[in-house]
Each structure stands twice: as C-alpha cells, then as structure tokens.
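Structure record follows, encoded as structure tokens.
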Amino acid sequence: MAKKPTKSPGSKSDAELNRAFLRSMLLQRRFEERSAEAYALGKIGGFCHLYIGQEAISTGALSVLRPDDYVVTAYRDHGQALARGMTPRAVMAELFGRRDGCSGGKGGSMHLFDAKLNFLGGHGIVGSHIPLATGVAFAIKYRGGDQVCLCFFGEAAVNIGAFHEALNMAGLWKVPAVFIIENNRYGMGTAVSRAMANEDVNARAATYNIPAESVDAQDVFAVRDAVTRAVDLARAEKTPTLLEMRTYRFMGHSMSDAVSGTYRTKAELEQEMRRDPIILLHNHMTEAGEIDDAAYAKLDEEIKAEVQDAWDFADASPEPELEELYAHVVVD
Amino acid sequence: MSIVTYRDALNQALREEIQRDDRVFLMGEEVGEYNGAYKVSRGLLDQFGPMRVVDTPIAELGFAGIGVGAAMVGLRPIIEFMTWNFALLALDQVVNSAAKMLYMSNGQFPMPMVFRGPNGAALQLSAQHSQAWESWLAHIPGLKVVTPATPYDAKGLLKSAIRDENPVVFLEGEMLYNTKGDVPEGEEILIPLGKAERKREGEHCSIIAHGKTVLIAIQVADALAKEGISIDVIDLRTVRPMDVEAIAESVKKTNRAVVVEEGWELCGVGAQVVDYIQRECFDFLDAPVLRVHQADVPMPYAKNLERAAKPDAQKLTAAVRKVLYLE
C-alpha cells in the first residue's frame, strides 16, 4: 500500500499568498475553458491536452521556485506555462499557431517554450523529457550553482525506460532535480491498475535511493509544502526527490476523447469534481474571511477579461511568415 | 610529419576542446576509468577529472537525454555511444529532442552538442554490431552528420563539431581507429562542416564516398591509375549538410560516377547523391550512375558471407569499369 498522502501542515494564514494562488488557478481554468471553445471553433488544431482539475500542482509547485530555477514538462503544459509567468497572450497565440506565440507558432500546445523564464518545454513523447531534467540538474551541479530543476510528468511516464534511467542517474550522481508525478489515475484511457504491476509509484524511489512523498494534490498548500521540502533538499544537499501528486483530470485525455463514459464512470468523475482544487481553496478563504462572494466574482471577471484579451490578441496576431518554415532548423 | 592513429587524432581533438572550453564535457559508458571502450578517451579522466569526463551506467536513452538537458542550459556535451548500434536505444533523444528543439522553440534553445562513436561493420561481429547508420540520421532535419575518413579529418571535423551550435552526429569508422595519417602538431585544425574534399584528382570517373569507403575509393583510384584510368575521389566528409556543389563539379568534369557507402541500398546516402547528380548533371552524364553498398541483408558472421556482404575494392573497381564501358 502507498503511504498516506502528506497533509497540509496548516500554514494557511497568508491571505496574500492565498489570493495569488486563487488567481493563478482561476486563470489556468478560465484560460483552458476558452481553449476548449477555441478548439471547437477550429482556432486551435492538433492535439490539445487540458489541465483542468490539476491546477493546484502547477500553482503550488511553481510558487516555490526562484526565477533562475528551471522547469521541464510534458505535453499537458498550459497550466505550468501560465503558472511560471508566461502571459495568456503568448500561450493563446501559440495555441492559435500565430507569430506572437511563445514558440512563434511552431510548437503548438505541446511545445510551449520560454527561455527568459527558464521554461524548457513542453515535450510530446511520454517520459522523454525526464532525462532532460536530470541533464539540467547535472549542469547546475557542474557549474556549482544552487538552482533546481522541476520536472512534471504523468503517472504513466513512470512505466517507460527513460524514467528509470533518468532517476537512477539522478540518484547516483545526486543532482538537484525534483521529479513531480502528476498522478491523475489514467494514462490516456488506461487506468493505473491496468498499467502498473505495483500501483504505488513512490515505491520506485527506493530503487534510486532518493526520498519520495505522496501528496493530496487537490490541496494547493500541501503541494507547496511538499515541493518546498524537496526544493530545499535539492538546493542544500543536491538530493533529488520524487513527489507523487495525487490528482484527477476533469476533462478527457485530449480534446478528442469523451470526458467520461468509456474508461471511467460519470459517478467517479462527479465524485472527484467535488474536490475541485479551486473550490477547496475558495472555501478555505471564505471560511478564513479572506474573500467574499463579491470579491470572488470581481476576481473572476478580471480573469475572464484577461483571457478574452488573450483570445483577441491571438486572433489578431498574424500567421507566421512563410520564410519561417525554414528558419531555425539549424543555427547558421 | 607527425603520424598518428585515427583514434589518437580523436583523442587530441577531445583533449584540446575540453581544455579550451570549460562548458565542454564528455559523457558515456566506460569513457573515464576504463579509458574508453575503443580508447578514444584515453587519459582524459586523469587530466580533467570526473565532472568533465563522466562515466555512465549502461543507459543510452538516459544519458543521451541528460546531454540534451545540459545543452539546453548552456553546456556543450559530447555524448559517446560505445557503438552506434547501441545508440538505437537513444534515437528518441537524438531525433525527437536534440534535432527538433531549436525549431519547435522557434530558435530559443540551440543544441550545441555532439553524439559520437564507432559506426559501420567491423570484423565478424555479425548482425547487431555491424551496421552503418548515416542514412537514418541524415534523414533528420536539425542534425548535422559527419563521417571522417582520415586521422586529419577526424581531428579537424571533431573540433569543428564540438564548436558547432547544432547537434552533430559524429560517425567514426570502427575499422579506422588504427589507421594512421599525418596530423601536424601544434596546428589548430578546424575543418568546416558541410564541405567535401577531393581526395584524388582525376578525369575519367568520379567516386563519391564517405567514411571508411573513402579509403577503398583511394585504393581503387591508385590501382586504376596504373592502367591509365584517373579517378576523381570526392570525400563527402559531412553527409548532412551535403556538399552538392562539389559532387556536381566533379561529375561535370568526369561525366561518370560511382557512389560507394557502407550502408544498405534502399534509401541510402548513395540514393540521395544519385538524385542530386541526375538533377544537376543530367546533360553531362555519359553512363548511368552506379552504386556500391552493403548487400541488402543483416550482416552475417561467417567470413566469406561477410566479405560478400560488404562493399570492397573489387566491387568498386567493377562498378567503375562498368560506367567506363570497359566490361
């Protein structure tokens, strides 16, 4: 059996931080709700993997980082990009395949990059970016720095060889990486129980001689606390950590599959949606007297306007010049 | 004259570049304490220590990806594959990560790194250890593919590869490590990537070769010279980008060509060269362009079968005679 998830130690009194968390999560939620709409209208093409339901992970984890730290993530990357500070305009324009997108319209949903924010993508092959994170952490140690590299991936990625190889070398060499499993219980349409001989993903950490924790990842405070511990350990002792974030995605794997009905039940989905990370935080803030209905409604309106602005910006942004087709294949 | 082996020329290149630039490091299986499976990295651990010369577990996919990550944040990794046959395990990182990062990030993340190791058939290593991968790798936009034939080229091309801002696939001829040649001491040797070199000057036929087959081409050219047949030997040196002008210039002069390579026929490097020739030199050709390559089979173990499978001087000579209508 997996260990009990870490509970928040109750450091919830920082009203300002709570408001920032709420703002970040709501921005991701509203952004992706509009992304789904834009996808339906054909403004966004290709694969589009929404993060809805998992926003507490990006929000809590990235709130711990310094600007000079690094982030590497997989193809479900809108939430992390926004939480790292990419503008909704730059992300939406990328989804629309436009010139002002964060990757010039060449990357799309799965390949969001921003070198200035040390946001190293957006990678589309399951688990292939996990060794990259070990490499970034190796480079930090090589240079004698005290940054860390946060690496996000889904629980299904732990079944591929790249995960094993990357964590083995990270543990062997002691490099400052924090590996964050976003365990939303389904790798596309395959439940964990159908994919893992041992469902306790953290049990694998023992293999690499690195610490691990399981976290209730619908609780943004629990996420922040666990990532704080892991980042501190990485900075101070160059010890990597494996963190299992127990979450749930409220949408389908991508825009092309049904939200429920084939591989999971409507009842399960409804059950999990009661633990919406935004509602949990909102309830907490309401109880603590940090926000009232009017203030929440005002915040939500602000954010909706910001997302509308991103949409308008993306819509108005030109398509890439045709000469861009051959630009950046190699450095000349 | 300073005669050194191909192996030691590569060692000199690594040593000079690791010394010159503290962002450059070498990583791979047995590169450190063991001094390299093929001794290319001999002495480097002693000189530079374990942060610059990094031994890895047997985990090609993992350490190739570690190189990619390190390159993303400004280091200049040299990833050694013990042989390119093992690099198949790492091709996801070479192709999907290293080659495409610059493009899909719209120029934000250059990949200044080298993937290197022995390539091509050796002696009786049979099917899984005797393969030439250049046509696979040259297919991928974003990569540069380098195939040095001589010690001088090995040194000069490797140093240029390490200084290049792009991911460079560096294919060393497994059978070339002990070959010798002049590598002048105390000279900064840098050979530009993407430029072919004429290794023999001739009038009657062009042989276009790369890597180990350059030596076969030179051997054939030297032998045919005694019969009064002069061969223009073009060493591509770099398969991607390919020096089309050098090929065209040679074929327009000789009007005949044979392309020789260690790889298989279908979709091989030679197929690409022939395509260039028919487009650029169609009106200059006096005979169909022929190709010499490995037989379209996995490499057999038995000596006689292996010999039959590989390109060699005899097969190349026969092809040249055929395009000259001498038989």
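Every chain in the structure tokens takes a letter, A first, then B, and so on in the order presented; its residues are numbered from 1, and the ligands are numbered from 1 following the presented order.
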Residues of chain A within 7 Å of chain B: nearest atom pair and distance (Å, one decimal) for each, counting only C-alpha atoms, sorted by chain and number, as CSV?
residue,atom,partner,partner_atom,distance
A:Ser103,CA,B:Ser105,CA,4.9
A:Gly104,CA,B:Asn106,CA,5.6
A:Lys106,CA,B:Met104,CA,5.4
A:Gly107,CA,B:Met104,CA,4.6
A:His111,CA,B:Met104,CA,6.6
A:Phe113,CA,B:Ser105,CA,5.6
A:Ala115,CA,B:Gln108,CA,6.0
A:Pro131,CA,B:Gly65,CA,4.8
A:Leu132,CA,B:Gly69,CA,3.9
A:Ala133,CA,B:Gly69,CA,6.0
A:Thr134,CA,B:Ile66,CA,5.7
A:Gly135,CA,B:Ile66,CA,3.6
A:Val136,CA,B:Gly69,CA,4.7
A:Phe138,CA,B:Ala70,CA,6.8
A:Ala139,CA,B:Ala70,CA,5.2
A:Tyr142,CA,B:Met51,CA,6.6
A:Ala162,CA,B:Gly62,CA,5.7
A:Glu165,CA,B:Gly62,CA,4.9
A:Ala166,CA,B:Gly62,CA,5.3
A:His328,CA,B:Tyr103,CA,5.0
A:Val329,CA,B:Gly142,CA,5.1
A:Val330,CA,B:Gly142,CA,5.3
A:Val331,CA,B:Glu165,CA,6.1
| Excluding same-chain residues fewer than 5 positions from Leu150 (chain A), what lies within 7 Å of it counting only C-alpha atoms, as number ranges by chain? | A: 70-72, 177-179
| strand (DSSP E) per DSSP on the backbone: members of region 87-233 of chain B, as a PyMOL selection string | chain B and resi 114-119+144-146+168-173+180-182+197-200+205-209+231-233
| field | Close residues, region 13-18 of chain B itself excluded, 12 Å, only C-alpha atoms, min 2 positions apart in chain, as a ChimeraX atom specification | value | /B:6-11,20-27,31,40-49,51-53,75-80,114,116,151-164,183,185-191
| message | Let me make sure I understand: among B:Val168, B:Gly263, B:Asn255, B:Ala309, which one has the smallest atom-to-atom distance to Leu285 (chain B) if we use only C-alpha atoms? | response | B:Asn255
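Interatomic distance, CA of Gln147 (chain A) to CA of Asp69 (chain A): 5.0 Å.
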| query | What's the 7 Å shell around region 129-139 of chain B, counting only C-alpha atoms, without same-chain residues fewer than 5 positions away, as number ranges by chain? | reply | B: 85, 119-122, 145, 239-240, 262-263, 268-269, 299
| query | What are the DSSP helix (DSSP H, G or I) residues of region 286-325 of chain A, as a PyMOL selection string? | reply | chain A and resi 286-287+293-316+322-325
Considering only C-alpha atoms, tabulate each residue of region 197-297 of chain A that lies at most 12 Å from region 74-87 of chain A along with its nearest interatomic pair and the corresponding distance in Å to one decimal; arrange the rows by chain and ascending residue number and present them as a tab-separated table.
residue	atom	partner	partner_atom	distance
A:Arg249	CA	A:Arg76	CA	10.8
A:Met251	CA	A:Arg76	CA	11.8
A:Gly252	CA	A:Arg76	CA	11.7
A:His253	CA	A:Arg76	CA	9.2
A:Ser254	CA	A:Arg76	CA	9.0
A:Met255	CA	A:Arg76	CA	11.6
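Put simply, CA of Leu224 (chain B) is 15.0 Å away from CA of Arg256 (chain B).
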Can you tell me, as a PDB file with N, CA and C atoms, in the first residue's frame, what residues are no more than 10 Å from Thr150 (chain B) when counting only C-alpha atoms, ignoring any on the same chain fewer than 5 positions away?
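The file below, result.pdb, is the result:
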ATOM      1  N   THR B   5      47.406   7.785 -35.127  1.00  0.00           N
ATOM      2  CA  THR B   5      46.237   6.994 -35.496  1.00  0.00           C
ATOM      3  C   THR B   5      44.984   7.873 -35.454  1.00  0.00           C
ATOM      4  N   TYR B   6      43.999   7.385 -36.141  1.00  0.00           N
ATOM      5  CA  TYR B   6      42.655   7.998 -36.139  1.00  0.00           C
ATOM      6  C   TYR B   6      42.157   8.124 -34.697  1.00  0.00           C
ATOM      7  N   ALA B   9      44.053  10.858 -32.996  1.00  0.00           N
ATOM      8  CA  ALA B   9      43.650  12.158 -33.533  1.00  0.00           C
ATOM      9  C   ALA B   9      42.350  12.617 -32.870  1.00  0.00           C
ATOM     10  N   LYS B 155      40.293  14.639 -36.582  1.00  0.00           N
ATOM     11  CA  LYS B 155      40.601  15.693 -35.613  1.00  0.00           C
ATOM     12  C   LYS B 155      39.916  17.008 -35.988  1.00  0.00           C
ATOM     13  N   GLY B 156      40.100  17.400 -37.226  1.00  0.00           N
ATOM     14  CA  GLY B 156      39.582  18.702 -37.642  1.00  0.00           C
ATOM     15  C   GLY B 156      38.059  18.776 -37.650  1.00  0.00           C
ATOM     16  N   GLU B 172      32.273   7.643 -36.353  1.00  0.00           N
ATOM     17  CA  GLU B 172      33.675   7.235 -36.521  1.00  0.00           C
ATOM     18  C   GLU B 172      33.709   5.830 -37.115  1.00  0.00           C
ATOM     19  N   GLY B 173      34.599   5.606 -38.036  1.00  0.00           N
ATOM     20  CA  GLY B 173      34.681   4.273 -38.632  1.00  0.00           C
ATOM     21  C   GLY B 173      35.310   3.292 -37.649  1.00  0.00           C
ATOM     22  N   LEU B 176      38.514   2.122 -38.597  1.00  0.00           N
ATOM     23  CA  LEU B 176      39.517   3.143 -38.916  1.00  0.00           C
ATOM     24  C   LEU B 176      40.380   3.532 -37.725  1.00  0.00           C
ATOM     25  N   TYR B 177      40.008   3.108 -36.518  1.00  0.00           N
ATOM     26  CA  TYR B 177      40.695   3.603 -35.316  1.00  0.00           C
ATOM     27  C   TYR B 177      42.209   3.397 -35.364  1.00  0.00           C
ATOM     28  N   THR B 179      44.004   3.153 -38.182  1.00  0.00           N
ATOM     29  CA  THR B 179      44.640   3.676 -39.386  1.00  0.00           C
ATOM     30  C   THR B 179      45.444   4.918 -39.030  1.00  0.00           C
ATOM     31  N   LYS B 180      46.497   5.153 -39.824  1.00  0.00           N
ATOM     32  CA  LYS B 180      47.417   6.241 -39.484  1.00  0.00           C
ATOM     33  C   LYS B 180      47.457   7.306 -40.568  1.00  0.00           C
ATOM     34  N   GLY B 181      47.828   8.491 -40.148  1.00  0.00           N
ATOM     35  CA  GLY B 181      47.964   9.579 -41.109  1.00  0.00           C
ATOM     36  C   GLY B 181      48.664  10.763 -40.460  1.00  0.00           C
ATOM     37  N   ASP B 182      48.954  11.740 -41.290  1.00  0.00           N
ATOM     38  CA  ASP B 182      49.675  12.911 -40.809  1.00  0.00           C
ATOM     39  C   ASP B 182      48.702  13.893 -40.152  1.00  0.00           C
ATOM     40  N   VAL B 183      49.002  14.207 -38.897  1.00  0.00           N
ATOM     41  CA  VAL B 183      48.240  15.230 -38.183  1.00  0.00           C
ATOM     42  C   VAL B 183      49.264  16.194 -37.589  1.00  0.00           C
ATOM     43  N   GLY B 211      33.368   8.374 -45.087  1.00  0.00           N
ATOM     44  CA  GLY B 211      33.776   7.447 -44.033  1.00  0.00           C
ATOM     45  C   GLY B 211      34.742   6.399 -44.561  1.00  0.00           C
ATOM     46  N   LYS B 212      34.568   5.186 -44.087  1.00  0.00           N
ATOM     47  CA  LYS B 212      35.521   4.128 -44.398  1.00  0.00           C
ATOM     48  C   LYS B 212      35.655   3.884 -45.898  1.00  0.00           C
ATOM     49  N   VAL B 214      35.941   5.873 -48.224  1.00  0.00           N
ATOM     50  CA  VAL B 214      36.908   6.778 -48.851  1.00  0.00           C
ATOM     51  C   VAL B 214      38.237   6.046 -49.036  1.00  0.00           C
ATOM     52  N   LEU B 215      38.615   5.267 -48.049  1.00  0.00           N
ATOM     53  CA  LEU B 215      39.879   4.522 -48.143  1.00  0.00           C
ATOM     54  C   LEU B 215      39.825   3.502 -49.270  1.00  0.00           C
ATOM     55  N   ARG B 237      32.839  13.918 -46.482  1.00  0.00           N
ATOM     56  CA  ARG B 237      33.221  14.339 -45.124  1.00  0.00           C
ATOM     57  C   ARG B 237      31.998  14.553 -44.222  1.00  0.00           C
TER      58      ARG B 237
END
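Computed from the coordinates, the CA of Glu237 (chain A) to CA of Val220 (chain A) distance equals 25.3 Å.
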| query | Which is closer to Gln272 (chain B) than all the others in B:Asp286, B:Ser230, B:Ile247, B:Val4, using only C-alpha atoms? | reply | B:Ile247
| task | Excluding Lys174 (chain A) and residues on its chain fewer than 6 positions from it, collect all residues at most 7 Å away from it, counting only C-alpha atoms, and give them as a VMD selection string. | result | chain A and resid 238 to 240
| Within 9 Å of region 185-199 of chain A using only C-alpha atoms, minus same-chain residues under 6 positions, as a list of chain:residue names | A:Met1, A:Ala2, A:Gly154, A:Glu155, A:Ala156, A:Ala157, A:Asn159, A:Arg246, A:Thr247, A:Tyr248, A:Arg249, A:Gly252, A:His253, A:Ser254, A:Asp257, A:Thr262, A:Tyr263, A:Arg264
What would the file look like if the residues just selected were written as a compact mmCIF listing (two decimals), in the first residue's frame with C-alpha atoms?
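part.txt was written with the following content:
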# COMPACT_ATOMS: atom_id res chain seq x y z
CA MET A 1 0.00 0.00 0.00
CA ALA A 2 1.08 3.51 -0.72
CA GLY A 154 2.07 11.98 -15.73
CA GLU A 155 2.00 8.73 -13.79
CA ALA A 156 2.03 6.70 -16.99
CA ALA A 157 5.51 8.03 -17.76
CA ASN A 159 6.46 2.89 -16.87
CA ARG A 246 -2.48 12.62 -6.37
CA THR A 247 -4.87 14.45 -8.60
CA TYR A 248 -7.58 13.93 -11.15
CA ARG A 249 -8.20 15.40 -14.57
CA GLY A 252 -10.63 13.82 -21.31
CA HIS A 253 -7.03 12.92 -22.09
CA SER A 254 -7.21 15.29 -25.05
CA ASP A 257 -11.91 11.79 -26.19
CA THR A 262 -15.62 4.72 -21.84
CA TYR A 263 -12.76 4.20 -19.41
CA ARG A 264 -14.16 5.90 -16.32
| field | Among listed residues A:Gly121, A:Pro211, A:Gly45, A:Gly60, nearest Gly97 (chain A) (using only C-alpha atoms) | value | A:Gly45
